[in-house]
Amino acid sequence: MEESYQKLIRGNKLFAETKLFQDPDYFKKLAEGQTPTYLWIGCSDSRVPANEITHTQSGEIFVHRNIANLVVHTDSNLLSVLEYAVNFLNVKHIIVCGHYGCGGVNAAMSNSFHGFVDNWLRNIKDVYHKHEKELAAIEDRTDRANRLTELNVIEQVRNLAKTTIVQKAWSERPLFLHGWVYGLNNGLVKDLAVIHDEGEDIDPIYRFDISKKTDHS
């Protein structure tokens with residue numbers, strides 16, 4: 001079998017042995033269930049592992065990842081994760097975490113053809129278009145990409161706030177939305193202080209009156 005594949009098998013055995021050495025009941029306790037406090041919506045980039053960069057253990061963070069950490073209102077995968085995390089796991093914090101040097105953001109800034117993924121990246125192009133004046137004023141391309149990364153995270157947090165799942169939770173209990181950007185060059189997170197914790201934070205047209213349901217039958 002190819003060596004790079006065998007490396008994973010050996011790594012798994014070392015992982016299991018190490019955990020059992022540290023705590024003989026580790027996997028027994030882990031198998032009993034999960035009660036994470038956080039939902040992490042991050043980029044698929046292999047350099048941004050949620051548990052490692054937050055120094056948390058298995059079971060502490062429920063994770064969803066996609067290219068460029070997008071929250072798209074037609075993405076049934078994302079919405080299913082969100083509903084499960086909010087309604088069944090009762091997470092208290094949802095973190096959208098982007099990262100500087102994001103390939104998806106860089107690709108969205110160009111007019112190059114990449115294939116099917118361009119349809120997904122159009123969501124970032126929409127963010128660019130929305131903030132085109134600010135971004136065009138940034139001469140350095142890396143600085144412009146970094147700022148677009150931040151603006152994209154902010155936009156995705158706002159998209160979360162527009163979902164019925166989040167708004168229904170707000171009507172029942174505290175739930176906090178956060179936007180972070182991770183620095184690959186220093187390992188540190190930048191908190192963009194985009195905290196949404198109530199419906200009044202979003203534009204009126206996106207607010208739902210959860211107490212009322214319109215019957216269209």
# chains A, B, ... in the order shown; residues from 1 in each chain; ligands from 1
$ select_by_dssp --residues "segment 62-125 of chain A" --states "helix (DSSP H, G or I)" --output "short mmCIF file (atom, residue, chain, number, x, y, z; two decimals) with N, CA and C atoms, in the first residue's frame"
data_model
loop_
_atom_site.label_atom_id
_atom_site.label_comp_id
_atom_site.auth_asym_id
_atom_site.auth_seq_id
_atom_site.Cartn_x
_atom_site.Cartn_y
_atom_site.Cartn_z
N SER A 76 -28.31 23.09 1.80
CA SER A 76 -29.00 22.20 2.73
C SER A 76 -28.04 21.51 3.70
N ASN A 77 -26.82 21.29 3.27
CA ASN A 77 -25.82 20.70 4.16
C ASN A 77 -25.56 21.63 5.34
N LEU A 78 -25.24 22.87 5.04
CA LEU A 78 -24.98 23.86 6.09
C LEU A 78 -26.19 24.04 7.00
N LEU A 79 -27.37 24.16 6.41
CA LEU A 79 -28.58 24.38 7.20
C LEU A 79 -28.90 23.18 8.10
N SER A 80 -28.61 21.98 7.62
CA SER A 80 -28.83 20.78 8.44
C SER A 80 -27.89 20.77 9.64
N VAL A 81 -26.63 21.12 9.39
CA VAL A 81 -25.66 21.21 10.48
C VAL A 81 -26.08 22.28 11.48
N LEU A 82 -26.49 23.42 10.96
CA LEU A 82 -26.91 24.53 11.81
C LEU A 82 -28.11 24.15 12.67
N GLU A 83 -29.11 23.53 12.05
CA GLU A 83 -30.30 23.14 12.81
C GLU A 83 -29.95 22.13 13.91
N TYR A 84 -29.13 21.15 13.57
CA TYR A 84 -28.76 20.14 14.56
C TYR A 84 -27.97 20.76 15.70
N ALA A 85 -27.03 21.64 15.36
CA ALA A 85 -26.20 22.26 16.39
C ALA A 85 -27.02 23.15 17.32
N VAL A 86 -27.95 23.90 16.74
CA VAL A 86 -28.72 24.87 17.52
C VAL A 86 -29.86 24.20 18.28
N ASN A 87 -30.61 23.33 17.60
CA ASN A 87 -31.83 22.78 18.20
C ASN A 87 -31.64 21.51 19.00
N PHE A 88 -30.59 20.75 18.70
CA PHE A 88 -30.41 19.48 19.39
C PHE A 88 -29.17 19.46 20.29
N GLY A 103 -7.43 30.56 -0.55
CA GLY A 103 -7.44 30.33 -1.98
C GLY A 103 -8.76 30.68 -2.62
N GLY A 104 -9.86 30.42 -1.92
CA GLY A 104 -11.18 30.74 -2.45
C GLY A 104 -11.37 32.24 -2.63
N VAL A 105 -10.92 33.01 -1.66
CA VAL A 105 -11.02 34.47 -1.74
C VAL A 105 -10.16 34.99 -2.88
N ASN A 106 -8.94 34.48 -2.98
CA ASN A 106 -8.05 34.92 -4.06
C ASN A 106 -8.62 34.58 -5.42
N ALA A 107 -9.20 33.40 -5.55
CA ALA A 107 -9.80 33.01 -6.83
C ALA A 107 -10.99 33.89 -7.18
N ALA A 108 -11.78 34.24 -6.17
CA ALA A 108 -12.97 35.07 -6.40
C ALA A 108 -12.60 36.49 -6.82
N VAL A 117 -16.46 25.27 -9.35
CA VAL A 117 -16.29 26.00 -8.11
C VAL A 117 -16.57 27.49 -8.27
N ASP A 118 -16.46 28.01 -9.49
CA ASP A 118 -16.74 29.43 -9.71
C ASP A 118 -18.17 29.79 -9.34
N ASN A 119 -19.09 28.83 -9.49
CA ASN A 119 -20.48 29.09 -9.10
C ASN A 119 -20.59 29.30 -7.59
N TRP A 120 -19.80 28.56 -6.83
CA TRP A 120 -19.77 28.70 -5.37
C TRP A 120 -19.10 30.01 -4.97
N LEU A 121 -17.99 30.30 -5.66
CA LEU A 121 -17.22 31.50 -5.33
C LEU A 121 -17.94 32.78 -5.72
N ARG A 122 -18.98 32.66 -6.49
CA ARG A 122 -19.73 33.87 -6.85
C ARG A 122 -20.30 34.57 -5.62
N ASN A 123 -20.52 33.80 -4.57
CA ASN A 123 -20.98 34.42 -3.32
C ASN A 123 -19.96 35.40 -2.78
N ILE A 124 -18.67 35.10 -2.97
CA ILE A 124 -17.63 36.02 -2.52
C ILE A 124 -17.54 37.20 -3.49
N LYS A 125 -17.73 36.94 -4.77
CA LYS A 125 -17.75 38.04 -5.74
C LYS A 125 -18.86 39.04 -5.40
#
$ residues_around --residues "Arg141 of chain A" --least-positions-apart "3" --cutoff "12 Å" --atoms "only C-alpha atoms" --output "MDAnalysis selection string"
chainID A and resid 101 105:106 109:110 135:138 144:148
$ write_last_selection --atoms "C-alpha atoms" --output "PDB file, in the first residue's frame"
ATOM      1  CA  GLY A 101      -4.325  33.644   2.354  1.00  0.00           C
ATOM      2  CA  VAL A 105     -11.021  34.467  -1.738  1.00  0.00           C
ATOM      3  CA  ASN A 106      -8.049  34.923  -4.056  1.00  0.00           C
ATOM      4  CA  MET A 109     -10.965  38.269  -6.827  1.00  0.00           C
ATOM      5  CA  SER A 110      -9.855  37.218 -10.307  1.00  0.00           C
ATOM      6  CA  LEU A 135     -11.601  47.387  -1.915  1.00  0.00           C
ATOM      7  CA  ALA A 136     -10.601  49.234  -5.083  1.00  0.00           C
ATOM      8  CA  ALA A 137      -8.937  51.879  -2.929  1.00  0.00           C
ATOM      9  CA  ILE A 138      -6.527  49.261  -1.507  1.00  0.00           C
ATOM     10  CA  ARG A 144      -7.040  43.851  -0.600  1.00  0.00           C
ATOM     11  CA  ALA A 145      -7.467  40.072  -0.330  1.00  0.00           C
ATOM     12  CA  ASN A 146      -7.057  40.251   3.460  1.00  0.00           C
ATOM     13  CA  ARG A 147      -9.748  42.899   3.689  1.00  0.00           C
ATOM     14  CA  LEU A 148     -12.064  40.891   1.427  1.00  0.00           C
TER      15      LEU A 148
END
$ select_by_dssp --residues "chain A" --states "strand (DSSP E)" --output "PyMOL selection string"
chain A and resi 38-43+61-66+93-99+176-182+189-191
$ residues_around --residues "segment 174-181 of chain A" --least-positions-apart "6" --cutoff "9 Å" --atoms "only C-alpha atoms" --output "PyMOL selection string"
chain A and resi 86+90-100+149-150+153-154+156-158+160-161+166+188-198
$ write_last_selection --atoms "N, CA and C atoms" --output "CSV table (one decimal), in the first residue's frame"
chain,number,residue,atom,x,y,z
A,86,VAL,N,-27.9,23.9,16.7
A,86,VAL,CA,-28.7,24.9,17.5
A,86,VAL,C,-29.9,24.2,18.3
A,90,ASN,N,-27.8,22.4,21.3
A,90,ASN,CA,-27.9,23.6,22.1
A,90,ASN,C,-26.6,24.4,22.2
A,91,VAL,N,-25.9,24.5,21.1
A,91,VAL,CA,-24.7,25.3,21.2
A,91,VAL,C,-25.0,26.7,21.6
A,92,LYS,N,-24.1,27.4,22.2
A,92,LYS,CA,-24.3,28.7,22.7
A,92,LYS,C,-23.6,29.8,21.8
A,93,HIS,N,-22.5,29.3,21.1
A,93,HIS,CA,-21.8,30.2,20.2
A,93,HIS,C,-21.6,29.6,18.9
A,94,ILE,N,-21.8,30.4,17.8
A,94,ILE,CA,-21.5,30.0,16.5
A,94,ILE,C,-20.4,30.9,15.9
A,95,ILE,N,-19.3,30.3,15.5
A,95,ILE,CA,-18.1,31.1,15.0
A,95,ILE,C,-17.9,30.8,13.5
A,96,VAL,N,-18.0,31.9,12.7
A,96,VAL,CA,-17.5,31.8,11.3
A,96,VAL,C,-16.1,32.2,11.3
A,97,CYS,N,-15.2,31.3,10.9
A,97,CYS,CA,-13.8,31.5,10.9
A,97,CYS,C,-13.2,31.4,9.5
A,98,GLY,N,-12.8,32.6,8.9
A,98,GLY,CA,-12.0,32.6,7.7
A,98,GLY,C,-10.5,32.6,8.0
A,99,HIS,N,-9.7,32.7,7.0
A,99,HIS,CA,-8.3,32.8,7.2
A,99,HIS,C,-7.6,33.6,6.1
A,100,TYR,N,-6.6,34.4,6.5
A,100,TYR,CA,-5.8,35.1,5.5
A,100,TYR,C,-5.1,34.2,4.6
A,149,THR,N,-11.3,39.0,2.8
A,149,THR,CA,-11.5,37.9,3.7
A,149,THR,C,-12.3,38.3,4.9
A,150,GLU,N,-11.9,39.5,5.5
A,150,GLU,CA,-12.7,40.0,6.7
A,150,GLU,C,-14.1,40.3,6.3
A,153,VAL,N,-16.2,37.2,6.0
A,153,VAL,CA,-16.6,36.6,7.2
A,153,VAL,C,-17.8,37.4,7.8
A,154,ILE,N,-17.7,38.7,7.8
A,154,ILE,CA,-18.8,39.6,8.3
A,154,ILE,C,-20.1,39.3,7.6
A,156,GLN,N,-21.0,36.5,6.1
A,156,GLN,CA,-21.5,35.2,6.4
A,156,GLN,C,-22.1,35.2,7.8
A,157,VAL,N,-21.6,36.0,8.8
A,157,VAL,CA,-22.2,36.1,10.1
A,157,VAL,C,-23.6,36.7,9.9
A,158,ARG,N,-23.7,37.7,9.1
A,158,ARG,CA,-25.0,38.3,8.8
A,158,ARG,C,-26.0,37.4,8.2
A,160,LEU,N,-26.0,34.2,8.7
A,160,LEU,CA,-26.5,33.3,9.7
A,160,LEU,C,-27.6,34.0,10.5
A,161,ALA,N,-27.5,35.3,10.8
A,161,ALA,CA,-28.5,36.0,11.5
A,161,ALA,C,-29.8,36.0,10.8
A,166,VAL,N,-31.6,30.5,13.4
A,166,VAL,CA,-31.0,31.3,14.4
A,166,VAL,C,-32.1,32.2,15.1
A,188,LEU,N,-2.6,33.2,15.1
A,188,LEU,CA,-3.5,33.9,16.0
A,188,LEU,C,-4.8,34.2,15.3
A,189,VAL,N,-5.9,34.3,16.1
A,189,VAL,CA,-7.2,34.6,15.6
A,189,VAL,C,-7.5,36.1,15.8
A,190,LYS,N,-8.0,36.7,14.8
A,190,LYS,CA,-8.5,38.1,14.9
A,190,LYS,C,-10.0,38.1,15.1
A,191,ASP,N,-10.5,38.5,16.2
A,191,ASP,CA,-11.9,38.6,16.4
A,191,ASP,C,-12.4,39.9,15.8
A,192,LEU,N,-13.3,39.8,14.8
A,192,LEU,CA,-13.8,41.0,14.1
A,192,LEU,C,-14.9,41.7,14.9
A,193,ALA,N,-15.2,41.2,16.0
A,193,ALA,CA,-16.2,41.9,16.9
A,193,ALA,C,-17.6,42.1,16.2
A,194,VAL,N,-17.9,41.1,15.3
A,194,VAL,CA,-19.2,41.1,14.6
A,194,VAL,C,-20.1,40.2,15.4
A,195,ILE,N,-20.6,40.7,16.5
A,195,ILE,CA,-21.4,39.9,17.4
A,195,ILE,C,-22.9,40.1,17.2
A,196,HIS,N,-23.6,39.1,16.8
A,196,HIS,CA,-25.1,39.2,16.7
A,196,HIS,C,-25.7,38.3,17.8
A,197,ASP,N,-26.5,38.9,18.5
A,197,ASP,CA,-27.2,38.2,19.6
A,197,ASP,C,-28.7,38.5,19.7
A,198,GLU,N,-29.2,39.2,18.7
A,198,GLU,CA,-30.6,39.5,18.7
A,198,GLU,C,-31.1,39.9,17.4
$ closest_residue --among "A:Asn152, A:Asn69, A:Ser211, A:Thr56" --to "Glu172 of chain A" --atoms "only C-alpha atoms"
A:Ser211
$ closest_residue --among "A:Ser112, A:Thr164, A:Gln57, A:Asn185" --to "Leu30 of chain A" --atoms "only C-alpha atoms"
A:Gln57
$ atom_distance --atom1 "atom CA of Ile61 of chain A" --atom2 "atom CA of Ile41 of chain A"
10.1 Å
$ atom_distance --atom1 "atom CA of Lys7 of chain A" --atom2 "atom CA of His55 of chain A"
23.7 Å
